[in-house]
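Engineer: File name query.txt; file contents compact mmCIF, C-alpha atoms; full text below.
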# COMPACT_ATOMS: atom_id res chain seq x y z
CA MET P 310 199.88 -80.56 -73.38
CA THR P 311 201.74 -77.27 -73.05
CA ASN P 312 203.96 -76.94 -70.00
CA PRO P 313 202.64 -73.93 -67.96
CA THR P 314 206.16 -72.99 -66.84
CA LEU P 315 207.41 -73.05 -70.44
CA GLN P 316 204.42 -71.03 -71.57
CA ALA P 317 205.06 -68.44 -68.85
CA SER P 318 208.73 -68.16 -69.84
CA ARG P 319 207.73 -67.60 -73.45
CA LEU P 320 205.41 -64.81 -72.37
CA LEU P 321 208.24 -63.19 -70.42
CA GLU P 322 210.43 -63.29 -73.54
CA MET P 323 208.02 -61.00 -75.38
CA GLN P 324 209.51 -57.58 -75.93
CA LEU P 325 207.17 -55.07 -74.28
CA ALA P 326 207.43 -51.31 -74.46
CA PRO P 327 207.79 -49.44 -71.15
CA ALA P 328 204.49 -48.91 -69.36
CA LYS P 329 203.29 -45.30 -69.42
CA ILE P 330 201.92 -43.50 -66.40
CA LEU P 331 200.34 -40.06 -66.47
CA ILE P 332 200.87 -37.43 -63.76
CA VAL P 333 198.64 -34.35 -63.81
CA ASP P 334 199.54 -31.41 -61.54
CA ASP P 335 199.55 -27.65 -62.14
CA VAL P 336 202.75 -27.24 -60.09
CA PRO P 337 205.88 -27.92 -62.25
CA GLN P 338 208.03 -28.78 -59.22
CA ASN P 339 205.62 -31.58 -58.24
CA LEU P 340 205.82 -33.03 -61.75
CA LEU P 341 209.62 -33.02 -61.67
CA ALA P 342 209.70 -34.71 -58.29
CA MET P 343 207.25 -37.42 -59.34
CA ARG P 344 209.10 -38.05 -62.60
CA ALA P 345 212.40 -38.47 -60.71
CA LEU P 346 210.73 -40.89 -58.31
CA LEU P 347 208.79 -43.07 -60.77
CA GLU P 348 210.53 -43.08 -64.13
CA GLY P 349 212.76 -46.07 -64.97
CA GLU P 350 213.50 -48.71 -67.60
CA GLU P 351 210.03 -50.22 -67.38
CA VAL P 352 208.14 -46.97 -66.79
CA GLN P 353 207.76 -43.88 -68.95
CA VAL P 354 206.29 -40.87 -67.17
CA LEU P 355 203.98 -38.51 -69.04
CA THR P 356 203.21 -35.16 -67.40
CA ALA P 357 200.48 -32.59 -67.87
CA GLN P 358 199.82 -29.27 -66.11
CA SER P 359 196.13 -29.06 -66.99
CA GLY P 360 193.09 -31.23 -67.61
CA ALA P 361 192.99 -30.35 -71.31
CA GLU P 362 196.64 -31.33 -71.77
CA ALA P 363 196.02 -34.58 -69.88
CA LEU P 364 193.09 -35.52 -72.13
CA GLU P 365 195.23 -35.00 -75.22
CA LEU P 366 197.93 -37.31 -73.82
CA LEU P 367 195.35 -39.94 -72.90
CA LEU P 368 193.94 -39.95 -76.42
CA GLU P 369 197.41 -40.54 -77.86
CA ASN P 370 198.82 -43.00 -75.31
CA ASP P 371 197.85 -46.24 -73.60
CA VAL P 372 198.34 -45.44 -69.92
CA ALA P 373 198.77 -47.93 -67.09
CA VAL P 374 197.63 -45.53 -64.35
CA ALA P 375 196.85 -41.80 -64.00
CA LEU P 376 197.80 -39.78 -60.92
CA LEU P 377 195.62 -36.66 -60.71
CA ASP P 378 196.04 -33.65 -58.46
CA VAL P 379 192.63 -32.72 -57.09
CA ASN P 380 193.12 -28.95 -56.84
CA MET P 381 193.76 -27.61 -60.34
CA PRO P 382 192.39 -24.52 -62.07
CA GLU P 383 189.82 -24.75 -64.91
CA ILE P 384 189.33 -28.55 -64.79
CA ASN P 385 189.89 -29.98 -61.31
CA GLY P 386 190.86 -33.58 -60.64
CA PHE P 387 187.29 -34.77 -60.01
CA ASP P 388 185.96 -33.30 -63.24
CA LEU P 389 188.93 -34.68 -65.17
CA ALA P 390 188.28 -38.14 -63.73
CA GLU P 391 184.66 -38.01 -64.88
CA LEU P 392 185.79 -37.04 -68.39
CA ILE P 393 188.28 -39.92 -68.40
CA ARG P 394 185.62 -42.36 -67.24
CA GLY P 395 183.15 -41.06 -69.83
CA SER P 396 185.34 -41.85 -72.85
CA PRO P 397 185.47 -45.45 -74.20
CA ARG P 398 189.10 -44.82 -75.16
CA THR P 399 190.15 -44.05 -71.56
CA SER P 400 187.46 -45.52 -69.31
CA HIS P 401 189.71 -48.45 -68.31
CA VAL P 402 192.54 -46.26 -66.96
CA PRO P 403 192.98 -46.61 -63.15
CA ILE P 404 192.97 -43.24 -61.35
CA ILE P 405 194.79 -42.28 -58.14
CA PHE P 406 193.93 -38.87 -56.65
CA LEU P 407 196.63 -36.77 -54.98
CA THR P 408 195.63 -33.92 -52.68
CA ALA P 409 197.23 -31.57 -50.16
CA SER P 410 193.87 -30.85 -48.49
CA PRO P 411 193.12 -32.24 -45.02
CA GLN P 412 191.38 -35.59 -44.91
CA ASP P 413 187.69 -35.09 -45.61
CA PRO P 414 185.30 -38.06 -45.93
CA GLY P 415 183.11 -36.02 -48.27
CA ARG P 416 185.94 -35.27 -50.68
CA ALA P 417 187.15 -38.87 -50.52
CA PHE P 418 183.62 -40.09 -51.31
CA ARG P 419 183.43 -37.77 -54.31
CA GLY P 420 186.82 -39.04 -55.46
CA TYR P 421 185.79 -42.68 -55.39
CA GLU P 422 182.46 -41.78 -56.98
CA SER P 423 184.40 -40.18 -59.84
CA GLY P 424 186.10 -43.52 -60.51
CA ALA P 425 189.24 -43.39 -58.37
CA VAL P 426 190.92 -46.57 -57.19
CA ASP P 427 192.84 -44.74 -54.43
CA PHE P 428 193.02 -41.38 -52.66
CA LEU P 429 196.44 -40.24 -51.31
CA HIS P 430 197.24 -37.19 -49.20
CA LYS P 431 200.35 -35.06 -49.57
CA PRO P 432 203.09 -35.26 -48.51
CA ILE P 433 203.15 -38.77 -49.94
CA GLU P 434 205.58 -41.39 -48.73
CA PRO P 435 207.77 -42.42 -51.72
CA HIS P 436 207.57 -46.15 -50.97
CA VAL P 437 203.75 -45.93 -50.79
CA ILE P 438 203.33 -44.34 -54.19
CA LEU P 439 206.00 -46.59 -55.69
CA SER P 440 204.31 -49.77 -54.50
CA LYS P 441 200.87 -48.64 -55.66
CA VAL P 442 202.08 -47.58 -59.10
CA ARG P 443 204.10 -50.81 -59.44
CA VAL P 444 200.90 -52.87 -59.03
CA PHE P 445 199.16 -51.09 -61.90
CA VAL P 446 202.26 -51.21 -64.08
CA GLU P 447 202.52 -54.98 -63.59
CA LEU P 448 198.82 -55.45 -64.37
CA HIS P 449 199.22 -53.34 -67.50
CA GLN P 450 202.22 -55.39 -68.64
CA GLN P 451 200.38 -58.65 -67.99
CA ARG P 452 197.44 -57.46 -70.10
CA ALA P 453 199.84 -56.46 -72.86
CA MET P 454 201.54 -59.88 -72.76
CA LEU P 455 198.19 -61.64 -72.89
CA ARG P 456 197.09 -59.52 -75.85
CA GLU P 457 200.30 -60.31 -77.71
CA HIS P 458 200.06 -63.99 -76.81
CA ASN P 459 196.44 -64.14 -77.98
CA GLU P 460 197.34 -62.41 -81.21
CA ARG P 461 200.12 -64.90 -81.89
CA LEU P 462 197.78 -67.77 -81.05
CA LYS P 463 195.10 -66.37 -83.36
CA LYS P 464 197.56 -66.08 -86.22
CA SER P 465 198.83 -69.60 -85.57
CA LEU P 466 195.30 -71.00 -85.62
CA GLU P 467 194.48 -69.14 -88.83
CA LEU P 468 197.64 -70.51 -90.44
CA ASN P 469 196.84 -74.06 -89.28
CA GLU P 470 193.30 -73.85 -90.64
CA THR P 471 194.54 -72.47 -93.96
CA MET P 472 197.08 -75.28 -94.23
CA ILE P 473 194.40 -77.87 -93.45
CA ALA P 474 192.09 -76.39 -96.09
CA VAL P 475 194.83 -76.41 -98.74
CA MET P 476 196.03 -79.87 -97.78
CA THR P 477 192.57 -81.44 -97.81
CA HIS P 478 191.73 -79.80 -101.11
CA ASP P 479 194.92 -81.12 -102.72
CA LEU P 480 194.28 -84.64 -101.36
CA ARG P 481 191.04 -84.97 -103.30
CA THR P 482 192.70 -85.59 -106.69
CA PRO P 483 194.94 -88.54 -105.75
CA LEU P 484 192.13 -89.98 -103.61
CA THR P 485 189.77 -89.92 -106.58
CA VAL P 486 192.35 -91.83 -108.62
CA ILE P 487 192.63 -94.43 -105.84
CA SER P 488 188.84 -94.86 -105.71
CA LEU P 489 188.53 -95.25 -109.49
CA ASN P 490 191.34 -97.79 -109.61
CA ALA P 491 189.76 -99.75 -106.75
CA GLN P 492 186.53 -99.93 -108.72
CA MET P 493 188.37 -101.07 -111.86
CA LEU P 494 190.30 -103.65 -109.84
CA GLY P 495 187.03 -104.98 -108.43
CA LEU P 496 185.42 -105.21 -111.86
CA GLY P 497 188.39 -107.10 -113.26
CA ALA P 498 188.97 -109.34 -110.25
CA THR P 499 189.39 -113.01 -111.16
CA THR P 500 189.58 -114.38 -107.62
CA ALA P 501 187.75 -113.85 -104.35
CA ASP P 502 190.96 -112.52 -102.76
CA MET P 503 191.33 -109.85 -105.42
CA GLN P 504 187.68 -108.90 -104.98
CA THR P 505 188.18 -108.57 -101.22
CA LEU P 506 191.32 -106.50 -101.73
CA ALA P 507 189.54 -104.13 -104.11
CA HIS P 508 186.67 -103.80 -101.65
CA ARG P 509 189.03 -102.93 -98.79
CA ILE P 510 190.84 -100.32 -100.89
CA GLY P 511 187.52 -98.79 -101.90
CA ASN P 512 186.25 -98.69 -98.32
CA SER P 513 189.46 -97.05 -97.09
CA ALA P 514 189.28 -94.47 -99.88
CA ASP P 515 185.66 -93.71 -99.00
CA ARG P 516 186.58 -93.27 -95.34
CA MET P 517 189.44 -90.95 -96.27
CA ALA P 518 187.07 -88.96 -98.47
CA ARG P 519 184.69 -88.50 -95.53
CA MET P 520 187.56 -87.42 -93.29
CA ILE P 521 188.72 -84.89 -95.87
CA GLN P 522 185.19 -83.54 -96.19
CA GLN P 523 184.97 -83.21 -92.41
CA LEU P 524 188.26 -81.30 -92.30
CA LEU P 525 187.05 -78.96 -95.03
CA ASP P 526 183.75 -78.41 -93.22
CA PHE P 527 185.65 -77.82 -89.97
CA THR P 528 187.84 -75.10 -91.51
CA ARG P 529 184.84 -73.47 -93.18
CA ILE P 530 182.86 -73.49 -89.94
CA ARG P 531 185.77 -71.98 -88.02
CA ALA P 532 186.21 -69.32 -90.69
CA GLY P 533 182.45 -68.61 -90.78
CA ILE P 534 182.26 -69.01 -94.57
CA LEU P 535 180.11 -72.13 -94.93
CA ARG P 536 176.68 -71.05 -96.18
CA LEU P 537 173.36 -72.86 -96.05
CA GLU P 538 171.26 -73.20 -99.19
CA LYS P 539 167.75 -73.85 -97.89
CA ARG P 540 165.01 -75.10 -100.18
CA LYS P 541 162.00 -77.35 -99.95
CA ALA P 542 163.15 -80.94 -99.40
CA ASP P 543 162.07 -84.29 -98.02
CA LEU P 544 163.89 -85.68 -94.98
CA HIS P 545 162.69 -89.19 -95.85
CA ASP P 546 164.46 -89.04 -99.22
CA ALA P 547 167.63 -87.65 -97.60
CA ALA P 548 167.66 -90.47 -95.04
CA ASP P 549 167.12 -93.13 -97.73
CA ARG P 550 170.11 -91.86 -99.70
CA VAL P 551 172.35 -91.83 -96.65
CA VAL P 552 171.28 -95.29 -95.46
CA THR P 553 171.83 -96.79 -98.92
CA GLU P 554 175.35 -95.31 -99.08
CA LEU P 555 176.30 -96.40 -95.55
CA LEU P 556 175.08 -99.95 -96.07
CA GLN P 557 177.34 -100.22 -99.08
CA THR P 558 180.36 -99.41 -96.91
CA HIS P 559 179.04 -101.41 -93.91
CA PRO P 560 177.52 -104.49 -95.59
CA LYS P 561 177.31 -106.45 -92.33
CA ALA P 562 175.68 -103.65 -90.35
CA GLN P 563 172.30 -104.14 -88.71
CA LEU P 564 170.45 -100.91 -89.32
CA GLU P 565 166.75 -100.39 -88.76
CA THR P 566 164.94 -97.26 -89.89
CA ALA P 567 161.60 -95.81 -88.83
CA PHE P 568 159.80 -92.83 -90.35
CA ALA P 569 156.81 -90.96 -88.95
CA GLY P 570 154.74 -87.95 -89.97
CA ASP P 571 155.26 -85.32 -92.65
CA LEU P 572 159.00 -85.14 -93.34
CA THR P 573 158.97 -82.25 -95.82
CA GLY P 574 160.38 -78.87 -94.91
CA VAL P 575 162.70 -76.10 -95.96
CA PHE P 576 166.32 -76.92 -95.14
CA ASP P 577 169.73 -77.42 -96.72
CA ALA P 578 169.36 -81.01 -97.92
CA ASP P 579 173.09 -81.52 -98.46
CA ARG P 580 173.97 -80.40 -94.94
CA VAL P 581 171.15 -82.42 -93.40
CA GLU P 582 172.41 -85.48 -95.27
CA GLN P 583 175.80 -84.83 -93.67
CA ILE P 584 174.07 -84.69 -90.28
CA LEU P 585 172.44 -88.05 -90.99
CA SER P 586 175.62 -89.57 -92.38
CA ASN P 587 177.73 -88.47 -89.42
CA MET P 588 175.16 -89.55 -86.83
CA VAL P 589 174.54 -93.00 -88.34
CA GLY P 590 178.19 -93.50 -89.34
CA ASN P 591 179.34 -92.65 -85.82
CA ALA P 592 176.83 -95.14 -84.38
CA LEU P 593 177.93 -97.90 -86.75
CA GLN P 594 181.59 -97.34 -85.82
CA ASN P 595 181.06 -97.17 -82.06
CA ALA P 596 178.24 -99.67 -81.52
CA THR P 597 179.27 -102.55 -79.28
CA GLY P 598 176.89 -104.90 -81.05
CA GLY P 599 173.22 -105.23 -81.87
CA VAL P 600 171.06 -103.12 -84.13
CA VAL P 601 171.55 -99.42 -84.86
CA HIS P 602 168.19 -97.63 -84.89
CA LEU P 603 167.47 -94.55 -87.01
CA ARG P 604 164.21 -92.72 -86.32
CA VAL P 605 163.14 -89.74 -88.42
CA ASP P 606 160.12 -87.90 -87.03
CA GLY P 607 157.91 -85.27 -88.63
CA THR P 608 154.85 -85.62 -86.42
CA GLU P 609 155.38 -82.22 -84.82
CA ARG P 610 153.95 -79.31 -86.76
CA ASP P 611 156.96 -77.00 -86.61
CA THR P 612 159.95 -79.30 -86.13
CA LEU P 613 161.75 -82.23 -87.67
CA SER P 614 163.88 -84.59 -85.61
CA ILE P 615 166.45 -87.32 -86.14
CA GLU P 616 167.38 -89.91 -83.51
CA VAL P 617 170.10 -92.52 -83.75
CA GLN P 618 170.48 -95.17 -81.05
CA ASN P 619 173.06 -97.93 -80.64
CA ASP P 620 174.38 -100.28 -77.98
CA GLY P 621 177.13 -98.85 -75.80
CA GLN P 622 177.79 -96.14 -73.25
CA VAL P 623 179.49 -92.76 -73.44
CA PRO P 624 181.54 -91.96 -70.31
CA GLU P 625 179.50 -89.51 -68.24
CA ASP P 626 182.37 -87.02 -68.06
CA LEU P 627 182.56 -86.98 -71.87
CA LEU P 628 178.84 -86.45 -72.54
CA PRO P 629 178.87 -82.65 -71.95
CA ARG P 630 181.82 -82.31 -74.39
CA LEU P 631 180.74 -84.89 -76.96
CA PHE P 632 180.03 -82.28 -79.64
CA GLU P 633 183.32 -80.45 -79.25
CA PRO P 634 185.81 -80.85 -82.12
CA PHE P 635 188.08 -83.91 -81.79
CA LYS P 636 186.09 -85.15 -78.76
CA GLY P 637 183.40 -87.23 -80.48
CA SER P 638 185.57 -90.19 -81.45
CA PHE P 639 186.02 -93.06 -79.00
CA HIS P 640 188.55 -94.89 -81.21
CA ALA P 641 191.44 -92.82 -82.54
CA THR P 642 191.98 -95.10 -85.52
CA GLN P 643 188.43 -94.76 -86.85
CA GLY P 644 188.06 -91.06 -87.42
CA LEU P 645 188.97 -87.50 -86.55
CA GLY P 646 186.31 -86.88 -83.91
CA LEU P 647 184.79 -84.12 -86.06
CA GLY P 648 181.60 -85.90 -87.09
CA LEU P 649 179.47 -84.97 -84.08
CA TYR P 650 180.96 -81.47 -83.97
CA ILE P 651 179.76 -80.94 -87.54
CA VAL P 652 176.37 -82.42 -86.62
CA ASP P 653 176.04 -79.88 -83.81
CA GLN P 654 177.16 -76.94 -85.95
CA PHE P 655 174.85 -77.79 -88.85
CA ALA P 656 171.93 -78.26 -86.44
CA ARG P 657 172.65 -74.86 -84.87
CA ALA P 658 172.88 -73.25 -88.31
CA HIS P 659 169.37 -74.52 -89.03
CA GLY P 660 168.15 -72.99 -85.76
CA GLY P 661 168.09 -76.34 -83.99
CA PHE P 662 170.22 -78.31 -81.55
CA ALA P 663 171.97 -81.63 -81.01
CA SER P 664 172.00 -83.67 -77.80
CA ALA P 665 173.26 -87.02 -76.53
CA GLN P 666 172.46 -89.24 -73.59
CA ASN P 667 172.89 -92.75 -72.26
CA VAL P 668 169.58 -94.61 -72.17
CA GLN P 669 169.39 -98.11 -70.65
CA GLY P 670 172.66 -99.41 -72.01
CA GLN P 671 172.44 -97.49 -75.28
CA VAL P 672 173.69 -94.18 -76.65
CA MET P 673 171.07 -91.91 -78.17
CA VAL P 674 172.04 -88.90 -80.30
CA ARG P 675 169.23 -86.56 -81.27
CA VAL P 676 168.99 -83.59 -83.62
CA GLU P 677 165.98 -81.32 -83.86
CA PHE P 678 165.51 -78.30 -86.12
CA PRO P 679 162.64 -76.10 -87.34
CA ARG P 680 160.67 -77.45 -90.27
CA GLY P 681 160.63 -74.04 -91.96
CA SER P 682 158.27 -73.05 -94.72
CA VAL P 683 158.44 -72.02 -98.35
CA GLU P 684 157.80 -68.41 -97.33
CA THR P 685 161.04 -68.31 -95.29
CA ARG P 686 163.21 -69.53 -98.15
CA ALA P 687 164.52 -66.07 -99.12
CA GLN P 688 165.77 -65.30 -95.63
CA ALA P 689 167.00 -68.80 -94.90
CA SER P 690 169.22 -69.06 -97.96
CA ALA P 691 171.41 -66.25 -96.62
CA LEU P 692 172.24 -67.91 -93.29
CA THR P 693 175.91 -68.41 -92.56
CA LEU P 694 177.41 -70.76 -89.98
CA LYS P 695 178.99 -69.06 -86.99
CA ASN P 696 181.37 -70.43 -84.37
CA SER P 697 179.65 -71.48 -81.20
Give the structure from the file, written as structure tokens.
Structural biologist:
Amino acid sequence: MTNPTLQASRLLEMQLAPAKILIVDDVPQNLLAMRALLEGEEVQVLTAQSGAEALELLLENDVAVALLDVNMPEINGFDLAELIRGSPRTSHVPIIFLTASPQDPGRAFRGYESGAVDFLHKPIEPHVILSKVRVFVELHQQRAMLREHNERLKKSLELNETMIAVMTHDLRTPLTVISLNAQMLGLGATTADMQTLAHRIGNSADRMARMIQQLLDFTRIRAGILRLEKRKADLHDAADRVVTELLQTHPKAQLETAFAGDLTGVFDADRVEQILSNMVGNALQNATGGVVHLRVDGTERDTLSIEVQNDGQVPEDLLPRLFEPFKGSFHATQGLGLGLYIVDQFARAHGGFASAQNVQGQVMVRVEFPRGSVETRAQASALTLKNS
């Protein structure tokens, strides 16, 4: 976990340009006096003698705060404030009005209505204006530091995801060689020990292959480039294929399946098989004993659902975060904790949802998604996964 103090010190090390403040007054002497008072190493003062000149400066510069004289010819301070507030480029700029007129509640109300954060009367105490400007300068610098920090973090995440994608892709070739050699070793085994060894190597290679696939899916989901290819398919057939494969890698597992209703629909069969594989595989890994139940339901007209139930309990504080990446694994040595995250993302991409709950000493994970129809195939095939 990152040390907050260390993180703060790193933010302070960022090289930030001086904050800019804008002073608008039609009297040159006032501008000179304000510049002498406010300008320093951390503050650059921009000055304008008219509203038009001020707008030009605001379009070219990111300003921490604008100090506007109310009484100016052509465009007065109130009108200038409304123009500043009306532009998306400058609407965020805090405005302080400066006026030599006597205090008037009506004028003050109009000032605040125009978007002012403060209303000061001349002559202005130097320490008052300094303290007020300092607050906005510090807020501006903090926002700039956060923007820079977020940009660095974004680039770091993009680099990490790219490295994971390249690494997982390059791991496929040697892993395929390991799997093929494990099969050959098993076929040529002359003793029970050799057969067991080959089986263990094959199982480990299969588990590594699933982990690599999950990492690839994770990076594609995060990058928003994993597309669905929807077509008419049968959820019963998809479940049969997944169950057959999982029982080969978990020969001692107790797995019961139940199918109900019409299980045909329009969906991405490959992705739904990954949903099934991750749900059932996660249950087989985390079950504390007993039978794992898989129920596939097509009795509803417009939806298809998958439920997997196994003995055990998920800590209540983990349930709301179970589908977050790297949170869905209870045992660090058995997986990456990406399986249920991918389940959730694929369900969302199909317009559905995933949920989990503890039910009478068992964990139940459920996925539901629209059945779809042949008529929606053209639109559905163009869907792309998005980050949640």
Engineer: Restricting the calculation to all atoms listed in the file: of P:Ser513, P:Thr356, P:Ser488, P:Ser440, which residue gets closest to Pro337 in chain P?
Structural biologist: P:Thr356
Engineer: In Å, with one decimal, what is the gap from CA of Phe635 in chain P to CA of Lys464 in chain P?
Structural biologist: 20.7 Å
Engineer: So what do you get for CA of Val589 in chain P versus CA of Leu564 in chain P, distance-wise?
Structural biologist: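 Between CA of Val589 in chain P and CA of Leu564 in chain P the gap works out to 9.0 Å.
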Engineer: Compile the contact shell of range 395-402 of chain P as an MDAnalysis selection string: residues with an atom at most 8 Å away, counting all atoms listed in the file, same-chain residues fewer than 2 positions apart removed.
Structural biologist: chainID P and resid 367:368 372:375 391:393 404
Engineer: Let me make sure I understand: among P:Asp515, P:Glu538, P:Asp502, P:Glu565, which one has the smallest atom-to-atom distance to Gln618 in chain P if we use only C-alpha atoms?
Structural biologist: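 Checking each candidate against Gln618 in chain P, we get P:Glu565 as the closest.
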Engineer: Calculated over all atoms listed in the file, which of the candidates P:Ala425, P:Gln353, P:Leu535, P:Asn370 has the smallest distance to Phe387 in chain P?
Structural biologist: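 Using all atoms listed in the file, the shortest distance to Phe387 in chain P belongs to P:Ala425.
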Engineer: Taking all atoms listed in the file into account, which of P:Gln522, P:Gln622, P:Thr528, P:Gln583 comes nearest Leu480 in chain P?
Structural biologist: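 Using all atoms listed in the file, the shortest distance to Leu480 in chain P belongs to P:Gln522.
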Engineer: For Leu439 in chain P, find every residue with an atom within 9 Å (counting only C-alpha atoms), except residues of its own chain fewer than 5 positions away, and show them as a JSON list (two decimals) with C-alpha atoms, in the frame of the given file.
Structural biologist:
[["chain", "number", "residue", "atom", "x", "y", "z"],
["P", 346, "LEU", "CA", 210.73, -40.89, -58.31],
["P", 347, "LEU", "CA", 208.79, -43.07, -60.77],
["P", 434, "GLU", "CA", 205.58, -41.39, -48.73],
["P", 444, "VAL", "CA", 200.90, -52.87, -59.03]]
Engineer: For a quick check of understanding, using only C-alpha atoms, which of P:Gly660, P:Gly574, P:Gly621, P:Gly349 has the smallest distance to Arg680 in chain P?
Structural biologist: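 Of P:Gly660, P:Gly574, P:Gly621, P:Gly349, the one nearest Arg680 in chain P is P:Gly574, counting only C-alpha atoms.
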Engineer: Between CA of His508 in chain P and CA of Gln594 in chain P, what is the distance, to one decimal in Å?
Structural biologist: 17.8 Å
Engineer: From the options P:Ser465, P:Thr505, P:Arg550, P:Ala518, which residue's atoms come nearest to Leu484 in chain P, counting only C-alpha atoms?
Structural biologist: P:Ala518
Engineer: Counting all atoms listed in the file, find residues at most 10 Å from (181.6, -99.7, -94.3) (file frame) and give them as a list of chain:residue names.
Structural biologist: P:His508, P:Arg509, P:Gly511, P:Asn512, P:Ser513, P:Asp515, P:Arg516, P:Glu554, P:Leu555, P:Leu556, P:Gln557, P:Thr558, P:His559, P:Pro560, P:Lys561, P:Ala562, P:Gly590, P:Leu593, P:Gln594
Engineer: Using C-alpha atoms, can you write the selected residues to a file as a compact mmCIF listing (two decimals), in the coordinates of the input?
Structural biologist:
# COMPACT_ATOMS: atom_id res chain seq x y z
CA HIS P 508 186.67 -103.80 -101.65
CA ARG P 509 189.03 -102.93 -98.79
CA GLY P 511 187.52 -98.79 -101.90
CA ASN P 512 186.25 -98.69 -98.32
CA SER P 513 189.46 -97.05 -97.09
CA ASP P 515 185.66 -93.71 -99.00
CA ARG P 516 186.58 -93.27 -95.34
CA GLU P 554 175.35 -95.31 -99.08
CA LEU P 555 176.30 -96.40 -95.55
CA LEU P 556 175.08 -99.95 -96.07
CA GLN P 557 177.34 -100.22 -99.08
CA THR P 558 180.36 -99.41 -96.91
CA HIS P 559 179.04 -101.41 -93.91
CA PRO P 560 177.52 -104.49 -95.59
CA LYS P 561 177.31 -106.45 -92.33
CA ALA P 562 175.68 -103.65 -90.35
CA GLY P 590 178.19 -93.50 -89.34
CA LEU P 593 177.93 -97.90 -86.75
CA GLN P 594 181.59 -97.34 -85.82
